[in-house]
Amino acid sequence: MPLYESPAVVLRSMKLGDTDKIITFFTLYYGKLKAVAKGTTKPKSRFAGRVEPFVYCNMIAFGKEKADLLRLNSCDIIEPFGLVRGDFEKLKHAFVSAELVDICQKERDTNMEGFELLLAMWRRLSVEGDARKQDLLLRLFELKYMSTIGFHPFLKSCVDCGGDIIGPKAGFNAIKGGVVCHKCITSDPAASRVFVGSVKLMGKSLEMPFEKLDRLKADPGLQGDIDKIVAGFVKYHIRRNMRSERFLAL
Amino acid sequence: MTGPKPLSNLMEQFQKLPGIGRKTAERLAFHILKADIKDVARFAESLRDVKEKVSLCSVCGSLTELDPCAICSDPERNKGVICVVEEPHDVFAVERIGEFTGVYHVLMGVLSPLDGVGPEELRIGELVARVEKGGVDEVIVATNPNVEGEATGMYIAKILGGKNTLVTRIARGLPMGGDLEYADEVTLSKAIIGRLKM
């Protein structure tokens, strides 16, 4: 029976029967994996705190090659992300990032870049105290993560005519996956009007490593734009509403 | 399955219960078949009674035969301290220790962003109303020590923030009889943070 050993983050856990849990891991080497952790809800369980969402650990599981559900053998914490779990604002952002990865990531489909990105997001979230900055980081994370799975937004020139993006206002068309220039926006009813500054900021973020994104600043106008653009872009590609999204307003 | 219809019907019903598969359902059905008719009648009566007579207390949301429940209507209980729990069976767990003299509030779940369970789906509004009515000095959040339980606790603390009521969280840490060596980092860090003066 194959053994699966990999650094992993816990995306979610779900109760199974009285004391067991199904843990969804996003692993570095195998992509998303699900494993049963036996006896997790018992007070003396060796797994208890180790398989809580937002824990970065080293997991070992076993199971048949094509099994949907593995059996968790051990789980050693590398980073507990206690600061994320201990703050309601941070927790909301962590939930949204975990849900996006859980929805988009296919089981046993490796995405090392996405894995590192999620870790970087939670590390940044641990130390970021400003709620507005957390909002911006989350949206830029979503944008960058979508890019790792093949949905890279086209922000350099107009998706309709290929022309340069100039002027204070432009458009964004989630269906076409990119920015629309001030000339084409009138003939593109699906494009929402946005500031060019928002498009530039998003474009810059896609070229920067996540660790350096805290250098980017967005005023409330740009932040609103980025919220709208990213939410529309993500929703169009995942074809559903994210459940955790409404918690950001709590 | 072949055999008398009443027997297969009974097996089918048993199989609907959690944790009961075909084999266990078969064993239980044969046990009923062999049992004394009076015992079977009592069993059937208990099943009906539990559905007909047990309801939720309109004040705290725990299981009761009378409304309000025995705890809420007990003059000896301290109404100024409310222990907030996830499910009705958690009330039994706290009551078993016999040391808590306050009253309860059952949320009927916890906030679970990934499952789409928000404050509107829980009895959080009722808790706020109880606190706003006055006379509540302390709200003890006794949700399970997992991410959803913590999130619910933090949300309750946030919305009760300006209401002049102390919001506390049950201590989290090592279980009695447990070994420090085998404790995970998350639990151990909670135990250190929640240490008490001796």
# chains A, B, ... in the order shown; residues from 1 in each chain; ligands from 1
call {"tool": "residues_around", "arguments": {"residues": "B:Arg195", "least_positions_apart": "5", "cutoff": "10 Å", "atoms": "only C-alpha atoms", "output": "PyMOL selection string"}}
result
chain B and resi 171-173+189-190
call {"tool": "write_last_selection", "arguments": {"atoms": "N, CA, C and O atoms", "output": "mmCIF file, in the first residue's frame"}}
result
data_model
loop_
_atom_site.group_PDB
_atom_site.id
_atom_site.type_symbol
_atom_site.label_atom_id
_atom_site.label_comp_id
_atom_site.auth_asym_id
_atom_site.auth_seq_id
_atom_site.Cartn_x
_atom_site.Cartn_y
_atom_site.Cartn_z
ATOM 1 N N ALA B 171 -11.324 27.195 29.533
ATOM 2 C CA ALA B 171 -9.882 26.982 29.369
ATOM 3 C C ALA B 171 -9.634 25.840 28.408
ATOM 4 O O ALA B 171 -10.405 24.887 28.331
ATOM 5 N N ARG B 172 -8.543 25.972 27.641
ATOM 6 C CA ARG B 172 -8.163 24.916 26.714
ATOM 7 C C ARG B 172 -6.739 24.483 27.020
ATOM 8 O O ARG B 172 -5.927 25.298 27.413
ATOM 9 N N GLY B 173 -6.468 23.228 26.889
ATOM 10 C CA GLY B 173 -5.126 22.752 27.191
ATOM 11 C C GLY B 173 -5.065 21.249 27.288
ATOM 12 O O GLY B 173 -5.765 20.550 26.557
ATOM 13 N N SER B 189 0.378 25.248 23.355
ATOM 14 C CA SER B 189 0.462 26.710 23.393
ATOM 15 C C SER B 189 -0.780 27.290 24.075
ATOM 16 O O SER B 189 -0.686 28.261 24.818
ATOM 17 N N LYS B 190 -1.940 26.675 23.859
ATOM 18 C CA LYS B 190 -3.165 27.133 24.542
ATOM 19 C C LYS B 190 -3.027 26.906 26.046
ATOM 20 O O LYS B 190 -3.484 27.713 26.856
#
call {"tool": "interface_residues", "arguments": {"of": "chain B", "to": "chain A", "cutoff": "9 Å", "atoms": "only C-alpha atoms", "output": "JSON, numbers by chain"}}
result
{"B": [18, 19, 112, 113, 114, 115, 116, 117, 118, 119, 145, 146, 147, 150, 151, 152, 154, 155, 158, 174, 175, 176, 177, 178, 179, 182, 183, 184, 185, 186, 187, 189]}
call {"tool": "residues_around", "arguments": {"residues": "stretch 141-146 of chain A", "least_positions_apart": "6", "cutoff": "9 Å", "atoms": "only C-alpha atoms", "output": "ChimeraX atom specification"}}
result
/A:97,100-101,104,113-114,117-118,121,152-153,202,205-206,210,230-231,233-234,237
call {"tool": "closest_residue", "arguments": {"among": "A:Ala37, A:Leu155, A:Leu83, A:Val199", "to": "A:Thr19", "atoms": "only C-alpha atoms"}}
result
A:Ala37
call {"tool": "residues_around", "arguments": {"residues": "A:Thr110", "least_positions_apart": "3", "cutoff": "8 Å", "atoms": "only C-alpha atoms", "output": "list in words"}}
result
Thr27, Leu28, Tyr29, Tyr30, Gly31 and Lys32 of chain A
call {"tool": "write_last_selection", "arguments": {"atoms": "N, CA, C and O atoms", "output": "PDB file, in the first residue's frame"}}
result
ATOM      1  N   THR A  27      -1.250  19.300  -0.156  1.00  0.00           N
ATOM      2  CA  THR A  27       0.124  18.866   0.058  1.00  0.00           C
ATOM      3  C   THR A  27       1.044  19.424  -1.034  1.00  0.00           C
ATOM      4  O   THR A  27       0.601  19.721  -2.143  1.00  0.00           O
ATOM      5  N   LEU A  28       2.309  19.501  -0.680  1.00  0.00           N
ATOM      6  CA  LEU A  28       3.291  20.023  -1.629  1.00  0.00           C
ATOM      7  C   LEU A  28       3.541  19.033  -2.776  1.00  0.00           C
ATOM      8  O   LEU A  28       3.603  19.427  -3.933  1.00  0.00           O
ATOM      9  N   TYR A  29       3.614  17.759  -2.448  1.00  0.00           N
ATOM     10  CA  TYR A  29       3.998  16.787  -3.469  1.00  0.00           C
ATOM     11  C   TYR A  29       2.830  16.098  -4.192  1.00  0.00           C
ATOM     12  O   TYR A  29       3.007  15.557  -5.266  1.00  0.00           O
ATOM     13  N   TYR A  30       1.650  16.057  -3.587  1.00  0.00           N
ATOM     14  CA  TYR A  30       0.542  15.299  -4.198  1.00  0.00           C
ATOM     15  C   TYR A  30      -0.685  16.156  -4.504  1.00  0.00           C
ATOM     16  O   TYR A  30      -1.708  15.636  -4.932  1.00  0.00           O
ATOM     17  N   GLY A  31      -0.617  17.449  -4.231  1.00  0.00           N
ATOM     18  CA  GLY A  31      -1.802  18.290  -4.430  1.00  0.00           C
ATOM     19  C   GLY A  31      -2.790  18.042  -3.308  1.00  0.00           C
ATOM     20  O   GLY A  31      -2.394  17.730  -2.186  1.00  0.00           O
ATOM     21  N   LYS A  32      -4.083  18.108  -3.624  1.00  0.00           N
ATOM     22  CA  LYS A  32      -5.091  17.943  -2.563  1.00  0.00           C
ATOM     23  C   LYS A  32      -5.290  16.460  -2.252  1.00  0.00           C
ATOM     24  O   LYS A  32      -5.427  15.648  -3.173  1.00  0.00           O
TER      25      LYS A  32
END
call {"tool": "residues_around", "arguments": {"residues": "B:Pro6", "least_positions_apart": "4", "cutoff": "12 Å", "atoms": "only C-alpha atoms", "output": "list in words"}}
result
Met1, Thr2, Leu10, Met11, Glu12, Gln13, Ala29, Phe30, Ile32 and Leu33 of chain B
call {"tool": "residues_around", "arguments": {"residues": "stretch 53-56 of chain B", "least_positions_apart": "3", "cutoff": "10 Å", "atoms": "only C-alpha atoms", "output": "MDAnalysis selection string"}}
result
chainID B and resid 46 48:50 59:69 88 106
call {"tool": "write_last_selection", "arguments": {"atoms": "N, CA, C and O atoms", "output": "short mmCIF file (atom, residue, chain, number, x, y, z; two decimals), in the first residue's frame"}}
result
data_model
loop_
_atom_site.label_atom_id
_atom_site.label_comp_id
_atom_site.auth_asym_id
_atom_site.auth_seq_id
_atom_site.Cartn_x
_atom_site.Cartn_y
_atom_site.Cartn_z
N SER B 46 -41.37 4.38 24.08
CA SER B 46 -40.28 5.34 24.33
C SER B 46 -39.94 6.11 23.07
O SER B 46 -39.67 7.31 23.12
N ARG B 48 -41.96 6.81 20.61
CA ARG B 48 -43.02 7.79 20.33
C ARG B 48 -42.94 8.97 21.31
O ARG B 48 -43.03 10.12 20.92
N ASP B 49 -42.71 8.61 22.60
CA ASP B 49 -42.64 9.65 23.64
C ASP B 49 -41.55 10.67 23.37
O ASP B 49 -41.75 11.87 23.56
N VAL B 50 -40.39 10.16 22.95
CA VAL B 50 -39.27 11.08 22.77
C VAL B 50 -39.58 12.10 21.68
O VAL B 50 -39.17 13.25 21.75
N VAL B 59 -36.33 29.32 26.25
CA VAL B 59 -35.35 30.28 26.77
C VAL B 59 -33.94 29.90 26.35
O VAL B 59 -33.24 30.67 25.71
N CYS B 60 -33.53 28.66 26.70
CA CYS B 60 -32.12 28.31 26.47
C CYS B 60 -31.89 27.42 25.25
O CYS B 60 -30.76 27.31 24.77
N GLY B 61 -32.92 26.75 24.79
CA GLY B 61 -32.77 25.91 23.61
C GLY B 61 -32.33 24.49 23.92
O GLY B 61 -32.05 23.72 23.00
N SER B 62 -32.28 24.13 25.22
CA SER B 62 -31.89 22.74 25.52
C SER B 62 -33.13 21.84 25.49
O SER B 62 -34.26 22.32 25.41
N LEU B 63 -32.91 20.54 25.58
CA LEU B 63 -34.02 19.59 25.48
C LEU B 63 -34.81 19.55 26.79
O LEU B 63 -34.23 19.50 27.87
N THR B 64 -36.11 19.55 26.67
CA THR B 64 -36.95 19.56 27.87
C THR B 64 -38.33 18.95 27.61
O THR B 64 -38.78 18.88 26.47
N GLU B 65 -38.96 18.54 28.72
CA GLU B 65 -40.34 18.06 28.63
C GLU B 65 -41.29 19.21 28.91
O GLU B 65 -42.38 19.29 28.37
N LEU B 66 -40.85 20.10 29.83
CA LEU B 66 -41.67 21.27 30.18
C LEU B 66 -40.98 22.53 29.67
O LEU B 66 -39.75 22.58 29.60
N ASP B 67 -41.75 23.52 29.33
CA ASP B 67 -41.17 24.76 28.83
C ASP B 67 -41.51 25.91 29.78
O ASP B 67 -42.69 26.13 30.06
N PRO B 68 -40.60 26.66 30.35
CA PRO B 68 -39.15 26.54 30.22
C PRO B 68 -38.60 25.30 30.95
O PRO B 68 -39.29 24.73 31.79
N CYS B 69 -37.39 24.95 30.62
CA CYS B 69 -36.80 23.72 31.16
C CYS B 69 -36.53 23.82 32.66
O CYS B 69 -36.60 24.91 33.24
N PRO B 88 -27.61 20.68 22.23
CA PRO B 88 -28.29 20.34 23.48
C PRO B 88 -27.55 19.30 24.32
O PRO B 88 -27.54 19.37 25.54
N VAL B 106 -28.11 27.33 24.18
CA VAL B 106 -27.67 26.41 23.13
C VAL B 106 -27.73 27.12 21.78
O VAL B 106 -28.77 27.65 21.39
#
call {"tool": "closest_residue", "arguments": {"among": "A:Leu72, A:Val179, A:Val194, A:Val36", "to": "A:Leu16", "atoms": "only C-alpha atoms"}}
result
A:Val36
call {"tool": "atom_distance", "arguments": {"atom1": "atom CA of B:Tyr104", "atom2": "atom CA of B:Ile193"}}
result
26.2 Å
call {"tool": "select_by_dssp", "arguments": {"residues": "chain B", "states": "strand (DSSP E)", "output": "PDB file with all heavy atoms, in the first residue's frame"}}
result
ATOM      1  N   SER B  55     -39.129  18.599  23.686  1.00  0.00           N
ATOM      2  CA  SER B  55     -39.019  19.745  22.765  1.00  0.00           C
ATOM      3  C   SER B  55     -37.859  20.633  23.224  1.00  0.00           C
ATOM      4  O   SER B  55     -37.158  20.293  24.178  1.00  0.00           O
ATOM      5  CB  SER B  55     -40.325  20.532  22.757  1.00  0.00           C
ATOM      6  OG  SER B  55     -40.581  20.981  24.066  1.00  0.00           O
ATOM      7  N   LEU B  56     -37.690  21.757  22.564  1.00  0.00           N
ATOM      8  CA  LEU B  56     -36.603  22.661  22.949  1.00  0.00           C
ATOM      9  C   LEU B  56     -37.123  23.747  23.884  1.00  0.00           C
ATOM     10  O   LEU B  56     -38.224  24.283  23.663  1.00  0.00           O
ATOM     11  CB  LEU B  56     -35.993  23.315  21.713  1.00  0.00           C
ATOM     12  CG  LEU B  56     -35.325  22.381  20.704  1.00  0.00           C
ATOM     13  CD1 LEU B  56     -34.797  23.171  19.522  1.00  0.00           C
ATOM     14  CD2 LEU B  56     -34.183  21.599  21.349  1.00  0.00           C
ATOM     15  N   LEU B  63     -32.907  20.536  25.577  1.00  0.00           N
ATOM     16  CA  LEU B  63     -34.016  19.589  25.478  1.00  0.00           C
ATOM     17  C   LEU B  63     -34.814  19.547  26.786  1.00  0.00           C
ATOM     18  O   LEU B  63     -34.230  19.504  27.866  1.00  0.00           O
ATOM     19  CB  LEU B  63     -33.476  18.193  25.159  1.00  0.00           C
ATOM     20  CG  LEU B  63     -32.749  18.078  23.817  1.00  0.00           C
ATOM     21  CD1 LEU B  63     -32.069  16.732  23.697  1.00  0.00           C
ATOM     22  CD2 LEU B  63     -33.716  18.289  22.658  1.00  0.00           C
ATOM     23  N   THR B  64     -36.114  19.547  26.673  1.00  0.00           N
ATOM     24  CA  THR B  64     -36.950  19.562  27.868  1.00  0.00           C
ATOM     25  C   THR B  64     -38.332  18.952  27.607  1.00  0.00           C
ATOM     26  O   THR B  64     -38.784  18.885  26.466  1.00  0.00           O
ATOM     27  CB  THR B  64     -37.112  21.013  28.392  1.00  0.00           C
ATOM     28  OG1 THR B  64     -37.914  20.989  29.544  1.00  0.00           O
ATOM     29  CG2 THR B  64     -37.733  21.923  27.358  1.00  0.00           C
ATOM     30  N   ASN B  78     -28.076  30.529  39.032  1.00  0.00           N
ATOM     31  CA  ASN B  78     -27.630  31.910  38.863  1.00  0.00           C
ATOM     32  C   ASN B  78     -27.896  32.364  37.426  1.00  0.00           C
ATOM     33  O   ASN B  78     -27.173  31.998  36.500  1.00  0.00           O
ATOM     34  CB  ASN B  78     -26.136  31.979  39.202  1.00  0.00           C
ATOM     35  CG  ASN B  78     -25.579  33.382  39.056  1.00  0.00           C
ATOM     36  OD1 ASN B  78     -26.303  34.321  38.728  1.00  0.00           O
ATOM     37  ND2 ASN B  78     -24.286  33.515  39.301  1.00  0.00           N
ATOM     38  N   LYS B  79     -28.914  33.200  37.252  1.00  0.00           N
ATOM     39  CA  LYS B  79     -29.308  33.648  35.906  1.00  0.00           C
ATOM     40  C   LYS B  79     -28.334  34.691  35.338  1.00  0.00           C
ATOM     41  O   LYS B  79     -28.432  35.070  34.180  1.00  0.00           O
ATOM     42  CB  LYS B  79     -30.723  34.249  35.928  1.00  0.00           C
ATOM     43  CG  LYS B  79     -31.788  33.346  36.557  1.00  0.00           C
ATOM     44  CD  LYS B  79     -32.275  32.311  35.600  1.00  0.00           C
ATOM     45  CE  LYS B  79     -33.538  31.587  36.046  1.00  0.00           C
ATOM     46  NZ  LYS B  79     -33.481  30.914  37.345  1.00  0.00           N
ATOM     47  N   GLY B  80     -27.437  35.134  36.196  1.00  0.00           N
ATOM     48  CA  GLY B  80     -26.462  36.146  35.749  1.00  0.00           C
ATOM     49  C   GLY B  80     -25.282  35.551  34.991  1.00  0.00           C
ATOM     50  O   GLY B  80     -24.468  36.273  34.430  1.00  0.00           O
ATOM     51  N   VAL B  81     -25.178  34.213  34.993  1.00  0.00           N
ATOM     52  CA  VAL B  81     -24.080  33.566  34.276  1.00  0.00           C
ATOM     53  C   VAL B  81     -24.663  32.605  33.239  1.00  0.00           C
ATOM     54  O   VAL B  81     -25.402  31.685  33.576  1.00  0.00           O
ATOM     55  CB  VAL B  81     -23.148  32.786  35.242  1.00  0.00           C
ATOM     56  CG1 VAL B  81     -22.001  32.142  34.471  1.00  0.00           C
ATOM     57  CG2 VAL B  81     -22.610  33.700  36.313  1.00  0.00           C
ATOM     58  N   ILE B  82     -24.362  32.868  31.979  1.00  0.00           N
ATOM     59  CA  ILE B  82     -24.886  32.016  30.894  1.00  0.00           C
ATOM     60  C   ILE B  82     -23.726  31.251  30.271  1.00  0.00           C
ATOM     61  O   ILE B  82     -22.734  31.844  29.850  1.00  0.00           O
ATOM     62  CB  ILE B  82     -25.604  32.855  29.812  1.00  0.00           C
ATOM     63  CG1 ILE B  82     -26.802  33.606  30.405  1.00  0.00           C
ATOM     64  CG2 ILE B  82     -26.065  31.958  28.663  1.00  0.00           C
ATOM     65  CD1 ILE B  82     -27.543  34.494  29.406  1.00  0.00           C
ATOM     66  N   CYS B  83     -23.887  29.934  30.197  1.00  0.00           N
ATOM     67  CA  CYS B  83     -22.876  29.104  29.542  1.00  0.00           C
ATOM     68  C   CYS B  83     -23.381  28.788  28.128  1.00  0.00           C
ATOM     69  O   CYS B  83     -24.436  28.179  27.955  1.00  0.00           O
ATOM     70  CB  CYS B  83     -22.680  27.826  30.346  1.00  0.00           C
ATOM     71  SG  CYS B  83     -21.514  26.701  29.589  1.00  0.00           S
ATOM     72  N   VAL B  84     -22.634  29.235  27.138  1.00  0.00           N
ATOM     73  CA  VAL B  84     -23.057  29.050  25.744  1.00  0.00           C
ATOM     74  C   VAL B  84     -22.441  27.763  25.189  1.00  0.00           C
ATOM     75  O   VAL B  84     -21.222  27.597  25.201  1.00  0.00           O
ATOM     76  CB  VAL B  84     -22.618  30.257  24.883  1.00  0.00           C
ATOM     77  CG1 VAL B  84     -23.015  30.073  23.427  1.00  0.00           C
ATOM     78  CG2 VAL B  84     -23.226  31.529  25.431  1.00  0.00           C
ATOM     79  N   VAL B  85     -23.300  26.855  24.742  1.00  0.00           N
ATOM     80  CA  VAL B  85     -22.804  25.586  24.191  1.00  0.00           C
ATOM     81  C   VAL B  85     -23.320  25.402  22.757  1.00  0.00           C
ATOM     82  O   VAL B  85     -24.243  26.085  22.330  1.00  0.00           O
ATOM     83  CB  VAL B  85     -23.230  24.373  25.063  1.00  0.00           C
ATOM     84  CG1 VAL B  85     -22.540  24.403  26.410  1.00  0.00           C
ATOM     85  CG2 VAL B  85     -24.739  24.300  25.214  1.00  0.00           C
ATOM     86  N   GLY B 102     -24.880  28.189  36.913  1.00  0.00           N
ATOM     87  CA  GLY B 102     -25.559  29.180  36.082  1.00  0.00           C
ATOM     88  C   GLY B 102     -26.583  28.527  35.152  1.00  0.00           C
ATOM     89  O   GLY B 102     -27.023  27.401  35.382  1.00  0.00           O
ATOM     90  N   VAL B 103     -26.939  29.257  34.102  1.00  0.00           N
ATOM     91  CA  VAL B 103     -27.898  28.729  33.121  1.00  0.00           C
ATOM     92  C   VAL B 103     -27.198  28.570  31.766  1.00  0.00           C
ATOM     93  O   VAL B 103     -26.038  28.941  31.623  1.00  0.00           O
ATOM     94  CB  VAL B 103     -29.147  29.650  32.997  1.00  0.00           C
ATOM     95  CG1 VAL B 103     -30.000  29.566  34.241  1.00  0.00           C
ATOM     96  CG2 VAL B 103     -28.736  31.085  32.703  1.00  0.00           C
ATOM     97  N   TYR B 104     -27.943  28.050  30.795  1.00  0.00           N
ATOM     98  CA  TYR B 104     -27.316  27.714  29.513  1.00  0.00           C
ATOM     99  C   TYR B 104     -27.932  28.498  28.355  1.00  0.00           C
ATOM    100  O   TYR B 104     -29.022  29.042  28.462  1.00  0.00           O
ATOM    101  CB  TYR B 104     -27.467  26.223  29.217  1.00  0.00           C
ATOM    102  CG  TYR B 104     -26.720  25.352  30.197  1.00  0.00           C
ATOM    103  CD1 TYR B 104     -27.351  24.889  31.355  1.00  0.00           C
ATOM    104  CD2 TYR B 104     -25.391  25.020  29.989  1.00  0.00           C
ATOM    105  CE1 TYR B 104     -26.671  24.112  32.271  1.00  0.00           C
ATOM    106  CE2 TYR B 104     -24.707  24.235  30.893  1.00  0.00           C
ATOM    107  CZ  TYR B 104     -25.345  23.787  32.026  1.00  0.00           C
ATOM    108  OH  TYR B 104     -24.670  23.024  32.931  1.00  0.00           O
ATOM    109  N   HIS B 105     -27.211  28.456  27.246  1.00  0.00           N
ATOM    110  CA  HIS B 105     -27.782  28.920  25.977  1.00  0.00           C
ATOM    111  C   HIS B 105     -27.224  28.022  24.870  1.00  0.00           C
ATOM    112  O   HIS B 105     -26.006  27.952  24.691  1.00  0.00           O
ATOM    113  CB  HIS B 105     -27.428  30.384  25.695  1.00  0.00           C
ATOM    114  CG  HIS B 105     -28.169  30.932  24.522  1.00  0.00           C
ATOM    115  ND1 HIS B 105     -29.411  31.510  24.634  1.00  0.00           N
ATOM    116  CD2 HIS B 105     -27.877  30.928  23.192  1.00  0.00           C
ATOM    117  CE1 HIS B 105     -29.832  31.864  23.427  1.00  0.00           C
ATOM    118  NE2 HIS B 105     -28.919  31.505  22.538  1.00  0.00           N
ATOM    119  N   VAL B 106     -28.114  27.326  24.178  1.00  0.00           N
ATOM    120  CA  VAL B 106     -27.671  26.407  23.129  1.00  0.00           C
ATOM    121  C   VAL B 106     -27.734  27.118  21.779  1.00  0.00           C
ATOM    122  O   VAL B 106     -28.772  27.651  21.392  1.00  0.00           O
ATOM    123  CB  VAL B 106     -28.547  25.129  23.099  1.00  0.00           C
ATOM    124  CG1 VAL B 106     -28.021  24.156  22.056  1.00  0.00           C
ATOM    125  CG2 VAL B 106     -28.588  24.466  24.459  1.00  0.00           C
ATOM    126  N   GLU B 138     -22.054  37.550  33.165  1.00  0.00           N
ATOM    127  CA  GLU B 138     -21.005  36.825  32.453  1.00  0.00           C
ATOM    128  C   GLU B 138     -21.578  35.848  31.433  1.00  0.00           C
ATOM    129  O   GLU B 138     -22.569  35.160  31.713  1.00  0.00           O
ATOM    130  CB  GLU B 138     -20.137  36.056  33.464  1.00  0.00           C
ATOM    131  CG  GLU B 138     -18.955  35.360  32.819  1.00  0.00           C
ATOM    132  CD  GLU B 138     -18.078  34.606  33.822  1.00  0.00           C
ATOM    133  OE1 GLU B 138     -18.404  34.613  35.023  1.00  0.00           O
ATOM    134  OE2 GLU B 138     -17.097  33.995  33.371  1.00  0.00           O
ATOM    135  N   VAL B 139     -20.951  35.799  30.282  1.00  0.00           N
ATOM    136  CA  VAL B 139     -21.292  34.802  29.258  1.00  0.00           C
ATOM    137  C   VAL B 139     -20.060  33.918  29.073  1.00  0.00           C
ATOM    138  O   VAL B 139     -18.992  34.419  28.711  1.00  0.00           O
ATOM    139  CB  VAL B 139     -21.698  35.483  27.930  1.00  0.00           C
ATOM    140  CG1 VAL B 139     -21.818  34.461  26.803  1.00  0.00           C
ATOM    141  CG2 VAL B 139     -23.021  36.223  28.074  1.00  0.00           C
ATOM    142  N   ILE B 140     -20.200  32.642  29.377  1.00  0.00           N
ATOM    143  CA  ILE B 140     -19.065  31.719  29.225  1.00  0.00           C
ATOM    144  C   ILE B 140     -19.223  30.992  27.893  1.00  0.00           C
ATOM    145  O   ILE B 140     -20.212  30.287  27.677  1.00  0.00           O
ATOM    146  CB  ILE B 140     -19.032  30.676  30.368  1.00  0.00           C
ATOM    147  CG1 ILE B 140     -19.014  31.372  31.726  1.00  0.00           C
ATOM    148  CG2 ILE B 140     -17.840  29.740  30.202  1.00  0.00           C
ATOM    149  CD1 ILE B 140     -19.228  30.432  32.901  1.00  0.00           C
ATOM    150  N   VAL B 141     -18.278  31.188  26.995  1.00  0.00           N
ATOM    151  CA  VAL B 141     -18.363  30.515  25.695  1.00  0.00           C
ATOM    152  C   VAL B 141     -17.737  29.120  25.831  1.00  0.00           C
ATOM    153  O   VAL B 141     -16.530  28.987  26.027  1.00  0.00           O
ATOM    154  CB  VAL B 141     -17.670  31.336  24.586  1.00  0.00           C
ATOM    155  CG1 VAL B 141     -17.792  30.619  23.248  1.00  0.00           C
ATOM    156  CG2 VAL B 141     -18.268  32.728  24.497  1.00  0.00           C
ATOM    157  N   LEU B 166     -19.336  40.500  30.873  1.00  0.00           N
ATOM    158  CA  LEU B 166     -18.029  39.853  30.719  1.00  0.00           C
ATOM    159  C   LEU B 166     -18.189  38.605  29.852  1.00  0.00           C
ATOM    160  O   LEU B 166     -19.059  37.768  30.120  1.00  0.00           O
ATOM    161  CB  LEU B 166     -17.507  39.461  32.113  1.00  0.00           C
ATOM    162  CG  LEU B 166     -16.176  38.734  32.181  1.00  0.00           C
ATOM    163  CD1 LEU B 166     -15.039  39.680  31.785  1.00  0.00           C
ATOM    164  CD2 LEU B 166     -15.946  38.209  33.599  1.00  0.00           C
ATOM    165  N   VAL B 167     -17.388  38.522  28.778  1.00  0.00           N
ATOM    166  CA  VAL B 167     -17.443  37.319  27.926  1.00  0.00           C
ATOM    167  C   VAL B 167     -16.161  36.522  28.178  1.00  0.00           C
ATOM    168  O   VAL B 167     -15.060  37.041  28.001  1.00  0.00           O
ATOM    169  CB  VAL B 167     -17.577  37.672  26.423  1.00  0.00           C
ATOM    170  CG1 VAL B 167     -17.663  36.402  25.581  1.00  0.00           C
ATOM    171  CG2 VAL B 167     -18.799  38.542  26.178  1.00  0.00           C
ATOM    172  N   THR B 168     -16.316  35.292  28.644  1.00  0.00           N
ATOM    173  CA  THR B 168     -15.143  34.453  28.930  1.00  0.00           C
ATOM    174  C   THR B 168     -15.189  33.202  28.069  1.00  0.00           C
ATOM    175  O   THR B 168     -16.223  32.844  27.513  1.00  0.00           O
ATOM    176  CB  THR B 168     -15.093  34.048  30.412  1.00  0.00           C
ATOM    177  OG1 THR B 168     -16.311  33.376  30.740  1.00  0.00           O
ATOM    178  CG2 THR B 168     -14.891  35.231  31.323  1.00  0.00           C
ATOM    179  N   ARG B 169     -14.025  32.542  27.982  1.00  0.00           N
ATOM    180  CA  ARG B 169     -13.920  31.324  27.166  1.00  0.00           C
ATOM    181  C   ARG B 169     -13.460  30.212  28.091  1.00  0.00           C
ATOM    182  O   ARG B 169     -12.560  30.459  28.926  1.00  0.00           O
ATOM    183  CB  ARG B 169     -12.894  31.575  26.044  1.00  0.00           C
ATOM    184  CG  ARG B 169     -12.646  30.400  25.110  1.00  0.00           C
ATOM    185  CD  ARG B 169     -13.640  30.404  23.994  1.00  0.00           C
ATOM    186  NE  ARG B 169     -13.329  29.427  22.971  1.00  0.00           N
ATOM    187  CZ  ARG B 169     -13.928  28.240  22.870  1.00  0.00           C
ATOM    188  NH1 ARG B 169     -14.863  27.887  23.731  1.00  0.00           N
ATOM    189  NH2 ARG B 169     -13.618  27.413  21.909  1.00  0.00           N
TER     190      ARG B 169
END
call {"tool": "residues_around", "arguments": {"residues": "A:Ala131", "least_positions_apart": "5", "cutoff": "10 Å", "atoms": "only C-alpha atoms", "output": "PyMOL selection string"}}
result
chain A and resi 89-90+93+125+136-137
call {"tool": "atom_distance", "arguments": {"atom1": "atom CA of B:Lys51", "atom2": "atom CA of B:Thr143"}}
result
26.4 Å
call {"tool": "atom_distance", "arguments": {"atom1": "atom CA of B:Gly161", "atom2": "atom CA of A:Asp130"}}
result
19.8 Å
call {"tool": "select_by_dssp", "arguments": {"residues": "stretch 86-164 of chain B", "states": "alpha helix (DSSP H)", "output": "MDAnalysis selection string"}}
result
chainID B and resid 88:97 124:132 147:159
